[in-house]
Every structure is written in C-alpha cells, then in structure tokens.
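Asker: Below are the structure tokens for one structure; questions will follow.
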Amino acid sequence: MPGDHRRIRGPEESQPPQLYAADEDEAPAARDPTRLRPVYARAGLLSQAKGSAYLEAGGTKVLCAVSGPRQAEGSERGGGPAGAGGEAPAALRGRLLCDFRRAPFAGRRRRAPPGGGEERELALALQEALEPAVRLGRYPRAQLEVSALLLEDGGSALAAALTAAALALADAGVEMYDLVVGCGLSRTPEPTPTWLLDPTRLEEEHAAAGLTVALMPVLNQVAGLLGSGEGGPTESWAEAVRLGLEGCQRLYPVLQQCLVRAARRRGAAAQS
Amino acid sequence: MASVALSEAEKVYIVHGVQDLRVDGRGCEDYRCVEVETDVVSNTSGSARVKLGHTDILVGVKAEMGTPKLEKPNEGYLEFFVDCSANATPEFEGRGGDDLGTEIANTLYRIFNNKSSVDLKSLCISPREHCWILYVDVLLLECDGNLFDTICIAVKAALFNTRIPRVRVLEDEEGSKDIELSDDPYDCIRLSVENVPCIVTLCKIGYRHVVDATLQEEACSLASLLVSVTSAGVVTCMRKVGKGSLDPESIFEMMETGKRVGKVLHASLQSVLHKEESLGPKRQKVGFLG
C-alpha cells in the first residue's frame with residue numbers, strides 16, 4: 001500500500017472518556033452571589049500587535065490583540081447615506097472587525113478550530129458591544145481588527161473577552177469614549193433560583209440561564225447585553241442586569257491601574 | 001439588513017414624530033397588519049408564510065430521522081437554517097446575505113435552547129439510537145424592517161402546522177430493531193407550541209422606544225433590544241442589537257413593554273392559528289396569489 005503522504009488524521013468523531021463515565025457530577029459549592037473572582041490584567045504584552053491585553057479571572061484566560069487602522073477593503077465606494085445622529089456617511093466611517101476564537105483545548109471537549117456558529121455569534125456580540133465605545137468617525141475608510149483568543153474557559157468567557165478587547169483597544173491608542181467592562185451572570189436551576197455573579201465553568205454548566213452585560217462605567221451606558229435560558233419573569237432579568245452593572249463598576253479600578261502600569265512601562269522602555 | 005437612503009429632514013421628522021405618533025399613524029406599541037397562512041408548501045412536514053407590512057417570510061419544517069446528540073440521548077433536536085434570498089434586496093446577492101442569515105439562525109438557536117420551549121423528549125424514538133430531527137428552514141423573501149419578529153411568528157406557525165408521522169420500533173428475536181411507519185398517512189404526532197416564544201424587537205428612537213419598526217425607523221435608531229417572550233410572560237432571551245448604547249433605565253422599561261406586547265401577540269396568534277385549523281382541509285388556500 002503506498003504510504004500516506006498527507007498527515008494521518010484521527011477518527012472523524014471522537015469523545016473524551018468522561019462522557020461514558022457514570023454521572024458523578026459535583027454540584028457547585030454554595031457561595032456569596034455577588035463575589036467577583038480576582039482578576040489579573042496586563043496590557044501591552046505582544047510585540048507584533050498595535051495593542052494587546054491578557055486577562056485572567058479564575059480559570060478563564062483570554063488574550064486579545066488589536067491591529068490597524070489600515071485601509072478598509074471595499075472602501076472605494078463613494079459616500080453613502082448619512083448615519084443616524086448626523087455622523088459621517090456610512091462608507092466614510094471606520095469599521096471594527098472582531099474575531100473570537102477558542103483554542104481547541106479550551107473546554108472539556110476538544111473543538112477543532114473552525115468553530116462554526118458559536119464563534120461567529122460571540123464575535124458579533126463583541127463587535128456590537130465595542131462599537132458604541134470606539135470613535136469610528138475619527139478613522140474614515142479604515143478598519144480596526146480585534147481578535148480575541150480564549151485559552152481556557154473557566155466561566156464567563158464572553159465577558160472576559162469583552163474586557164480584554166477594550167483594554168487592547170485602549171493600549172493601541174484607539175480613540176474611545178470610554179472603556180467597556182464585561183460581566184457574566186448565571187441563574188441556578190429551579191429549587192432556589194438565584195443569580196450568581198461571575199460564574200465558574202461548573203456553575204455555568206449547571207445553570208438554567210446565563211447573561212453577559214457590558215457597561216461603559218463613566219458614561220453609565222450599557223454597551224452590550226446577551227442572555228438566554230429559562231430566566232423567569234422580567235423582574236428576575238432586571239435584577240440580574242442590575243447585579244451585572246454593579247459588578248462592572250467594581251471591576252473598573254483594576255483596569256484603570258492596568259492601563260496606567262502599561263503606559264509607565266512603555267514610557268520607561270522608550271527612554272532607555 | 002437592507003438599508004434605505006434617508007435625508008436629514010426625514011430623520012428629524014421621524015425622530016420628533018415618534019414622541020406622539022409614528023409616520024404611518026401607529027402608536028408606539030402597535031404592530032402592522034400581519035397575515036399568517038400555514039400549510040403552503042406540500043413537500044414539507046409543516047410550513048407557514050407570514051407577511052408583516054412588506055416583510056415576507058416563508059418557513060418550511062422537515063422532520064427526518066437521525067441519531068440523537070451524545071449529551072442528550074433521550075431527546076430529538078431542531079436545526080435552523082436561514083436563507084436571505086437575493087429577491088429581498090440587492091445587497092443579499094451572492095454571499096451578501098450570509099452574515100445576516102447566520103446571525104438570525106444563531107438567535108433562533110439561542111431562543112430554543114431551553115427545556116421548556118419545545119418538548120424534545122417527544123421527538124425521541126429509541127434512546128441513543130433514533131430520534132426525530134426537525135430541520136427548520138427560513139426563507140426571507142422580502143425585507144421591510146422587523147425581521148426577527150416576523151421570523152419567529154413564522155417559525156411558531158410552522159411548528160404548529162408540523163405533522164410528524166408516527167413510527168413504531170419493532171424488535172426481532174435476535175435483537176435487531178426495525179422501524180415501522182404507520183399505514184395511515186394521517187396518523188401523526190403534533191408538537192405543542194404553547195411555550196414557543198415570540199421575539200419582540202424594541203427600537204430606541206430619540207427618547208422613546210417603538211415596537212415593529214419599518215426600514216425607515218430602523219435607519220433612525222441607534223440601538224434596539226430584542227426580547228423573546230413566551231405566552232406566560234417568561235423571558236427566554238435578551239439581546240442588544242445595533243451600534244449604539246442603551247441607558248440601564250430604558251432597558252428595564254423596554255423589557256416591560258416587550259413582555260406586555262408579547263402577551264398580546266401570543267394571544268392573537270394562537271386564536272388565528274386555531275381558527276385557521278378549524279376551517280379544516282377544505283379551506284381555500286391563498287398562497288402566493290393573494
């Protein structure tokens with residue numbers, strides 16, 4: 001038989017052995033519903049990207065890089081209709097392209113890189129949350145590319161990616177109205193439904209509903225909102241949104257300090 | 001989405017007018033006239049066509065047998081596919097409509113992602129081996145604003161109309177299983193759509209929010225909130241759409257409005273669907289000729 005010169009691939013579908021094991025699910029431990037996990041944030045760590053940020057919260061690790069502004073493809077079309085609110089015409093305004101990727105080893109099961117629908121949805125959510133904060137009118141006919149890479153999913157992955165992306169944009173020197181801070185929430189199932197702030201992966205798996213909120217803290221405007229599941233009546237969702245906004249406000253000082261440290265580091269490197 | 005060219009004066013007119021009355025005379029919580037018809041395509045297990053103003057959606061549901069997912073061996077599942085046809089607007093030519101189609105399909109997956117929307121256990125034939133997979137295919141024929149609401153109404157009507165043939169699993173002495181289809185073509189199982197949610201999109205225009213925005217109103221709005229409500233007032237999905245940001249207080253107001261409007265929408269849709277079914281198989285089908 002002639003040798004296989006292409007890379008030998010494994011079986012089409014494979015599963016981790018845990019799926020066949022007996023159901024010994026540990027229930028997540030009870031905890032204070034408003035606790036936020038300690039966050040480690042660092043900006044300006046990638047040398048090849050215009051701006052970058054790394055965020056670690058509990059077991060969730062996200063790396064985000066920003067490149068641009070560079071000339072947008074298809075920008076040869078002339079002026080289009082003016083946008084709502086009297087901004088520059090749509091074709092002249094800058095574009096923000098977001099990409100969200102999960103590393104194949106990020107979750108419990110291996111997921112091959114073209115992740116399909118879920119990654120496109122999260123990339124769209126990133127874009128919708130970051131657009132209100134970036135002054136795209138200052139970058140006519142240009143595009144900014146934001147790419148977020150999730151290295152490990154320990155719960156509230158989208159919220160961490162949002163925060164890291166905003167830090168990376170700020171580190172790149174892109175003009176913004178305000179930082180965007182993201183916070184995840186999940187609701188415990190039926191017997192005692194409570195909303196938990198910043199859930200871990202185990203709590204998210206056992207949850208009946210999940211919500212991610214993105215806030216611009218100084219302007220107090222909600223930049224992004226994405227939630228689904230059996231959350232119950234609107235009062236319950238309203239309570240969850242309030243809890244999330246509070247969590248975002250509490251996270252803001254950490255991000256400010258991170259940006260100040262990055263600026264100092266850059267200043268010291270420029271001098272030497 | 002399809003875009004429309006509006007002058008500054010038209011925008012100001014719409015934004016100021018919304019405080020009291022919209023351009024076509026509706027109030028802020030009124031829907032345009034909706035036409036729903038089910039069973040329009042004969043090759044499907046269920047189908048529906050919905051026209052809301054000039055927005056036209058056709059949904060076909062096909063039930064096929066397959067293997068259940070590994071994590072949920074006792075349940076069937078739904079697969080959504082949204083096709084934005086180039087007939088709707090010239091922007092959707094070629095691959096142009098793909099992004100919008102994926103966005104709508106992902107939203108539909110999210111809405112149906114919870115246990116209570118559709119009874120998935122009734123779609124199971126034999127655990128771990130066979131189950132019904134419902135392929136819900138949405139076709140966008142014409143686009144005049146408010147796509148999400150119309151698509152969800154059409155999906156609910158199509159699921160109400162779906163008839164899945166009854167099958168029996170026969171086991172031989174050797175243990176090999178055989179699937180037998182019932183002889184009577186009218187012997188089928190119907191899905192209960194009591195808990196299927198409906199989407200209400202609330203667009204923020206100026207200081208007010210409106211339900212069922214036309215294309216022109218959507219062009220004046222910076223941000224919208226998409227709420228998916230069941231007939232009992234339970235919210236299953238919430239999403240902010242658009243380039244702008246929303247005030248926390250307006251989000252709470254919009255959720256309340258969405259719940260109120262959603263309940264009314266559900267009640268009228270249920271009554272129309274039951275009335276149409278009571279007309280029986282002899283009813284005059286309008287289809288695309290009306």
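Chain labels run A, B, ... following the order of the structure tokens; each chain numbers its residues from 1, and ligands are numbered from 1 in the order shown.
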What are the closest atom pairs, with distances in Å to one decimal, for each residue of chain B lying within 8 Å of chain A, using only C-alpha atoms, rows by chain and rising residue number, as a tab-separated table?

Answerer:
residue	atom	partner	partner_atom	distance
B:Val4	CA	A:Pro81	CA	8.0
B:Ala5	CA	A:Pro81	CA	5.3
B:Leu6	CA	A:Pro81	CA	6.7
B:Ser7	CA	A:Ala82	CA	7.8
B:Glu8	CA	A:Gly86	CA	7.7
B:Lys11	CA	A:Ala84	CA	7.6
B:Glu71	CA	A:Leu19	CA	7.7
B:Thr102	CA	A:Gly117	CA	7.2
B:Glu103	CA	A:Glu121	CA	6.6
B:Asn106	CA	A:Glu121	CA	6.5
B:Arg110	CA	A:Ser228	CA	6.3
B:Ile111	CA	A:Ser228	CA	6.7
B:Asn113	CA	A:Gly229	CA	6.7
B:Asn114	CA	A:Gly229	CA	5.4
B:Lys115	CA	A:Glu230	CA	7.8
B:Ser116	CA	A:Glu230	CA	7.8
B:Ala219	CA	A:Ala84	CA	6.6
B:Cys220	CA	A:Ala84	CA	5.1
B:Ser221	CA	A:Ala84	CA	6.7
B:Leu222	CA	A:Ala84	CA	6.8
B:Gly233	CA	A:Pro233	CA	6.4
B:Val234	CA	A:Pro233	CA	4.8
B:Val235	CA	A:Pro233	CA	6.0
B:Thr236	CA	A:Gly229	CA	5.2
B:Cys237	CA	A:Ser228	CA	4.1
B:Met238	CA	A:Gly227	CA	5.0
B:Arg239	CA	A:Leu226	CA	4.5
B:Lys240	CA	A:Leu225	CA	5.1
B:Val241	CA	A:Glu128	CA	6.7
B:Gly242	CA	A:Glu128	CA	6.2
B:Lys243	CA	A:Glu131	CA	5.6
B:Gly244	CA	A:Pro132	CA	4.9
B:Ser245	CA	A:Ala223	CA	4.6
B:Leu246	CA	A:Val222	CA	5.1
B:Asp247	CA	A:Gln221	CA	4.9
B:Pro248	CA	A:Val222	CA	6.2
B:Phe252	CA	A:Ala238	CA	6.2
B:Met255	CA	A:Thr234	CA	6.6
B:Glu256	CA	A:Thr234	CA	6.9
B:Lys259	CA	A:Thr234	CA	7.5

Asker: Would you write out those residues with N, CA, C and O atoms, as a compact mmCIF listing (two decimals), in the first residue's frame?

Answerer:
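Just written: again-v7.txt:
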# COMPACT_ATOMS: atom_id res chain seq x y z
N VAL B 4 -31.87 51.92 3.65
CA VAL B 4 -32.68 52.82 2.85
C VAL B 4 -32.04 54.20 3.00
O VAL B 4 -31.50 54.54 4.05
N ALA B 5 -32.05 54.99 1.94
CA ALA B 5 -31.41 56.30 1.99
C ALA B 5 -32.42 57.31 2.51
O ALA B 5 -33.48 57.49 1.94
N LEU B 6 -32.08 57.96 3.62
CA LEU B 6 -32.98 58.94 4.21
C LEU B 6 -32.27 60.27 4.29
O LEU B 6 -31.10 60.33 4.63
N SER B 7 -32.99 61.34 4.03
CA SER B 7 -32.37 62.65 4.18
C SER B 7 -32.42 63.06 5.64
O SER B 7 -33.16 62.49 6.44
N GLU B 8 -31.65 64.12 5.98
CA GLU B 8 -31.62 64.58 7.37
C GLU B 8 -33.00 65.03 7.81
O GLU B 8 -33.42 64.80 8.94
N LYS B 11 -35.19 62.20 8.74
CA LYS B 11 -34.80 61.60 10.02
C LYS B 11 -35.35 62.43 11.17
O LYS B 11 -35.88 61.89 12.13
N GLU B 71 -24.75 14.11 24.31
CA GLU B 71 -25.01 14.58 25.67
C GLU B 71 -26.48 14.44 26.02
O GLU B 71 -26.83 14.49 27.19
N THR B 102 -26.67 33.96 9.24
CA THR B 102 -26.06 33.29 10.40
C THR B 102 -26.48 33.96 11.68
O THR B 102 -26.74 33.30 12.69
N GLU B 103 -26.58 35.30 11.66
CA GLU B 103 -26.97 36.00 12.89
C GLU B 103 -28.38 35.58 13.31
O GLU B 103 -28.62 35.27 14.49
N ASN B 106 -28.39 31.97 14.60
CA ASN B 106 -27.84 31.87 15.95
C ASN B 106 -28.82 32.37 16.99
O ASN B 106 -28.93 31.80 18.08
N ARG B 110 -30.47 30.22 20.08
CA ARG B 110 -30.44 30.69 21.46
C ARG B 110 -31.83 30.68 22.08
O ARG B 110 -32.00 30.35 23.23
N ILE B 111 -32.83 31.07 21.29
CA ILE B 111 -34.17 31.15 21.86
C ILE B 111 -34.72 29.78 22.18
O ILE B 111 -35.40 29.58 23.17
N ASN B 113 -33.07 27.22 23.02
CA ASN B 113 -32.06 26.45 23.73
C ASN B 113 -32.49 26.03 25.12
O ASN B 113 -31.68 25.54 25.87
N ASN B 114 -33.74 26.26 25.51
CA ASN B 114 -34.05 25.86 26.88
C ASN B 114 -35.07 24.73 26.89
O ASN B 114 -35.70 24.43 25.90
N LYS B 115 -35.24 24.11 28.06
CA LYS B 115 -36.01 22.86 28.13
C LYS B 115 -37.47 23.07 27.79
O LYS B 115 -38.13 22.17 27.32
N SER B 116 -38.01 24.26 28.09
CA SER B 116 -39.47 24.34 28.04
C SER B 116 -40.03 24.79 26.70
O SER B 116 -41.22 24.70 26.50
N ALA B 219 -33.53 52.89 10.37
CA ALA B 219 -32.36 53.69 9.97
C ALA B 219 -32.14 54.85 10.93
O ALA B 219 -31.04 55.38 11.01
N CYS B 220 -33.18 55.26 11.66
CA CYS B 220 -33.04 56.38 12.60
C CYS B 220 -32.67 55.91 13.99
O CYS B 220 -32.46 56.72 14.88
N SER B 221 -32.67 54.61 14.20
CA SER B 221 -32.45 54.13 15.57
C SER B 221 -31.05 53.61 15.71
O SER B 221 -30.52 52.95 14.84
N LEU B 222 -30.40 53.94 16.83
CA LEU B 222 -29.02 53.51 17.03
C LEU B 222 -28.92 52.17 17.70
O LEU B 222 -27.99 51.43 17.48
N GLY B 233 -45.41 35.13 29.70
CA GLY B 233 -44.66 36.28 30.17
C GLY B 233 -43.27 35.95 30.64
O GLY B 233 -42.59 36.78 31.24
N VAL B 234 -42.78 34.74 30.38
CA VAL B 234 -41.42 34.36 30.79
C VAL B 234 -40.47 34.76 29.68
O VAL B 234 -40.71 34.47 28.51
N VAL B 235 -39.38 35.43 30.05
CA VAL B 235 -38.41 35.89 29.05
C VAL B 235 -37.37 34.81 28.85
O VAL B 235 -36.77 34.33 29.81
N THR B 236 -37.13 34.39 27.60
CA THR B 236 -36.12 33.36 27.40
C THR B 236 -34.83 33.88 26.78
O THR B 236 -33.83 33.20 26.81
N CYS B 237 -34.85 35.06 26.17
CA CYS B 237 -33.60 35.54 25.58
C CYS B 237 -33.64 37.04 25.52
O CYS B 237 -34.69 37.64 25.31
N MET B 238 -32.46 37.67 25.71
CA MET B 238 -32.40 39.14 25.63
C MET B 238 -31.14 39.50 24.91
O MET B 238 -30.08 38.93 25.21
N ARG B 239 -31.23 40.45 24.00
CA ARG B 239 -30.01 40.78 23.27
C ARG B 239 -30.06 42.22 22.83
O ARG B 239 -31.10 42.70 22.40
N LYS B 240 -28.94 42.93 22.92
CA LYS B 240 -28.91 44.29 22.43
C LYS B 240 -28.35 44.24 21.02
O LYS B 240 -27.35 43.59 20.75
N VAL B 241 -29.02 44.92 20.09
CA VAL B 241 -28.63 44.89 18.69
C VAL B 241 -28.32 46.31 18.27
O VAL B 241 -29.00 47.23 18.69
N GLY B 242 -27.31 46.49 17.44
CA GLY B 242 -27.07 47.83 16.91
C GLY B 242 -25.79 48.43 17.41
O GLY B 242 -25.12 47.91 18.29
N LYS B 243 -25.44 49.60 16.81
CA LYS B 243 -24.15 50.21 17.09
C LYS B 243 -24.14 51.09 18.32
O LYS B 243 -23.09 51.57 18.72
N GLY B 244 -25.29 51.44 18.85
CA GLY B 244 -25.30 52.42 19.93
C GLY B 244 -25.37 51.75 21.29
O GLY B 244 -25.36 50.54 21.42
N SER B 245 -25.46 52.57 22.33
CA SER B 245 -25.55 52.04 23.68
C SER B 245 -26.90 52.41 24.27
O SER B 245 -27.58 53.29 23.77
N LEU B 246 -27.29 51.72 25.32
CA LEU B 246 -28.60 51.96 25.93
C LEU B 246 -28.44 52.35 27.38
O LEU B 246 -27.55 51.88 28.07
N ASP B 247 -29.34 53.17 27.86
CA ASP B 247 -29.35 53.55 29.26
C ASP B 247 -29.94 52.40 30.07
O ASP B 247 -30.91 51.79 29.62
N PRO B 248 -29.40 52.11 31.27
CA PRO B 248 -29.96 50.99 32.05
C PRO B 248 -31.46 51.16 32.33
O PRO B 248 -32.21 50.20 32.26
N PHE B 252 -34.83 48.55 31.31
CA PHE B 252 -35.88 47.99 32.16
C PHE B 252 -37.26 48.33 31.59
O PHE B 252 -38.16 47.49 31.56
N MET B 255 -37.98 46.13 28.58
CA MET B 255 -38.33 44.74 28.93
C MET B 255 -39.79 44.65 29.31
O MET B 255 -40.50 43.73 28.89
N GLU B 256 -40.28 45.63 30.09
CA GLU B 256 -41.68 45.59 30.50
C GLU B 256 -42.60 45.72 29.30
O GLU B 256 -43.58 45.01 29.16
N LYS B 259 -42.67 42.51 27.33
CA LYS B 259 -43.49 41.47 27.94
C LYS B 259 -44.97 41.72 27.65
O LYS B 259 -45.70 40.83 27.24

Asker: Find the residues near Tyr252 of chain A: any atom within 12 Å, counting only C-alpha atoms, skip ones fewer than 5 places away on the same chain, and give them as JSON, numbers by chain.

Answerer: {"A": [39, 41, 163, 166, 167, 178, 179, 180, 181, 182, 183, 214, 215, 216, 217, 218, 220, 245, 246, 247, 257, 258, 259]}

Asker: Would you output that residue set with C-alpha atoms, as an mmCIF file, in the first residue's frame?

Answerer:
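The file below, part-v4.cif, is the result:
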data_model
loop_
_atom_site.group_PDB
_atom_site.id
_atom_site.type_symbol
_atom_site.label_atom_id
_atom_site.label_comp_id
_atom_site.auth_asym_id
_atom_site.auth_seq_id
_atom_site.Cartn_x
_atom_site.Cartn_y
_atom_site.Cartn_z
ATOM 1 C CA VAL A 39 -8.665 39.497 38.104
ATOM 2 C CA ALA A 41 -4.944 42.114 33.690
ATOM 3 C CA THR A 163 -12.933 43.423 28.844
ATOM 4 C CA ALA A 166 -11.466 47.051 25.366
ATOM 5 C CA LEU A 167 -8.107 47.060 27.182
ATOM 6 C CA ASP A 178 -14.923 55.057 27.473
ATOM 7 C CA LEU A 179 -13.664 51.579 28.368
ATOM 8 C CA VAL A 180 -16.077 48.667 28.070
ATOM 9 C CA VAL A 181 -16.239 46.320 31.057
ATOM 10 C CA GLY A 182 -17.953 42.950 30.752
ATOM 11 C CA CYS A 183 -19.521 40.815 33.457
ATOM 12 C CA ALA A 214 -21.140 45.112 29.017
ATOM 13 C CA LEU A 215 -21.062 48.540 30.594
ATOM 14 C CA MET A 216 -19.247 51.800 29.868
ATOM 15 C CA PRO A 217 -18.654 52.760 33.520
ATOM 16 C CA VAL A 218 -18.083 56.507 33.330
ATOM 17 C CA ASN A 220 -23.128 54.609 32.660
ATOM 18 C CA LEU A 245 -23.788 46.540 36.142
ATOM 19 C CA GLU A 246 -22.664 46.749 39.752
ATOM 20 C CA GLY A 247 -20.047 44.069 39.099
ATOM 21 C CA GLN A 257 -4.472 50.604 37.152
ATOM 22 C CA CYS A 258 -3.514 48.074 34.484
ATOM 23 C CA LEU A 259 -3.525 50.738 31.756
#

Asker: Determine, counting only C-alpha atoms, which protein, DNA and RNA residues have an atom within 8 Å of an atom of segment 134-137 of chain B; residues of the same chain fewer than 3 positions away are not included. Present the result as a list in words.

Answerer: Val59, Gly60, Val61, Lys62, Ala63, Glu64, Tyr77, Leu78, Glu79, Phe80, Phe81, Val82, Asp83 and Val155 of chain B

Asker: Could you find all residues in segment 16-172 of chain A that DSSP calls strand (DSSP E) from the backbone, and write them as a ChimeraX atom specification?

Answerer: /A:39-43,51-57,60-71,95-102,142-152

Asker: Have a look at atom CA of Arg250 of chain A and atom CA of Ala161 of chain A and let me know their distance in Å, one decimal.

Answerer: 17.3 Å

Asker: I need the helix (DSSP H, G or I) residues of segment 58-151 of chain A per DSSP on the backbone, written as a list in words.

Answerer: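 Filtering segment 58-151 of chain A down to helix (DSSP H, G or I) leaves Gly117, Glu118, Glu119, Arg120, Glu121, Leu122, Ala123, Leu124, Ala125, Leu126, Gln127, Glu128, Ala129, Leu130, Leu136, Gly137 and Arg138 of chain A.
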
Asker: Go ahead and compute the interatomic distance for atom CA of Arg260 of chain B and atom CA of Gly46 of chain B, in Å to one decimal.

Answerer: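 Computed distance, atom CA of Arg260 of chain B to atom CA of Gly46 of chain B, equals 29.1 Å.
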
Asker: Between atom CA of Asn146 of chain B and atom CA of Asp212 of chain B, what is the spacing in Å?

Answerer: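 Answer for the atom CA of Asp212 of chain B to atom CA of Asn146 of chain B separation: 5.7 Å.
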
Asker: Between A:Ala57, A:Ala142, A:Leu96, A:Ala112, which has the minimum distance to Gly154 of chain A (counting only C-alpha atoms)?

Answerer: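 Selected residue with least distance to Gly154 of chain A: A:Ala57.
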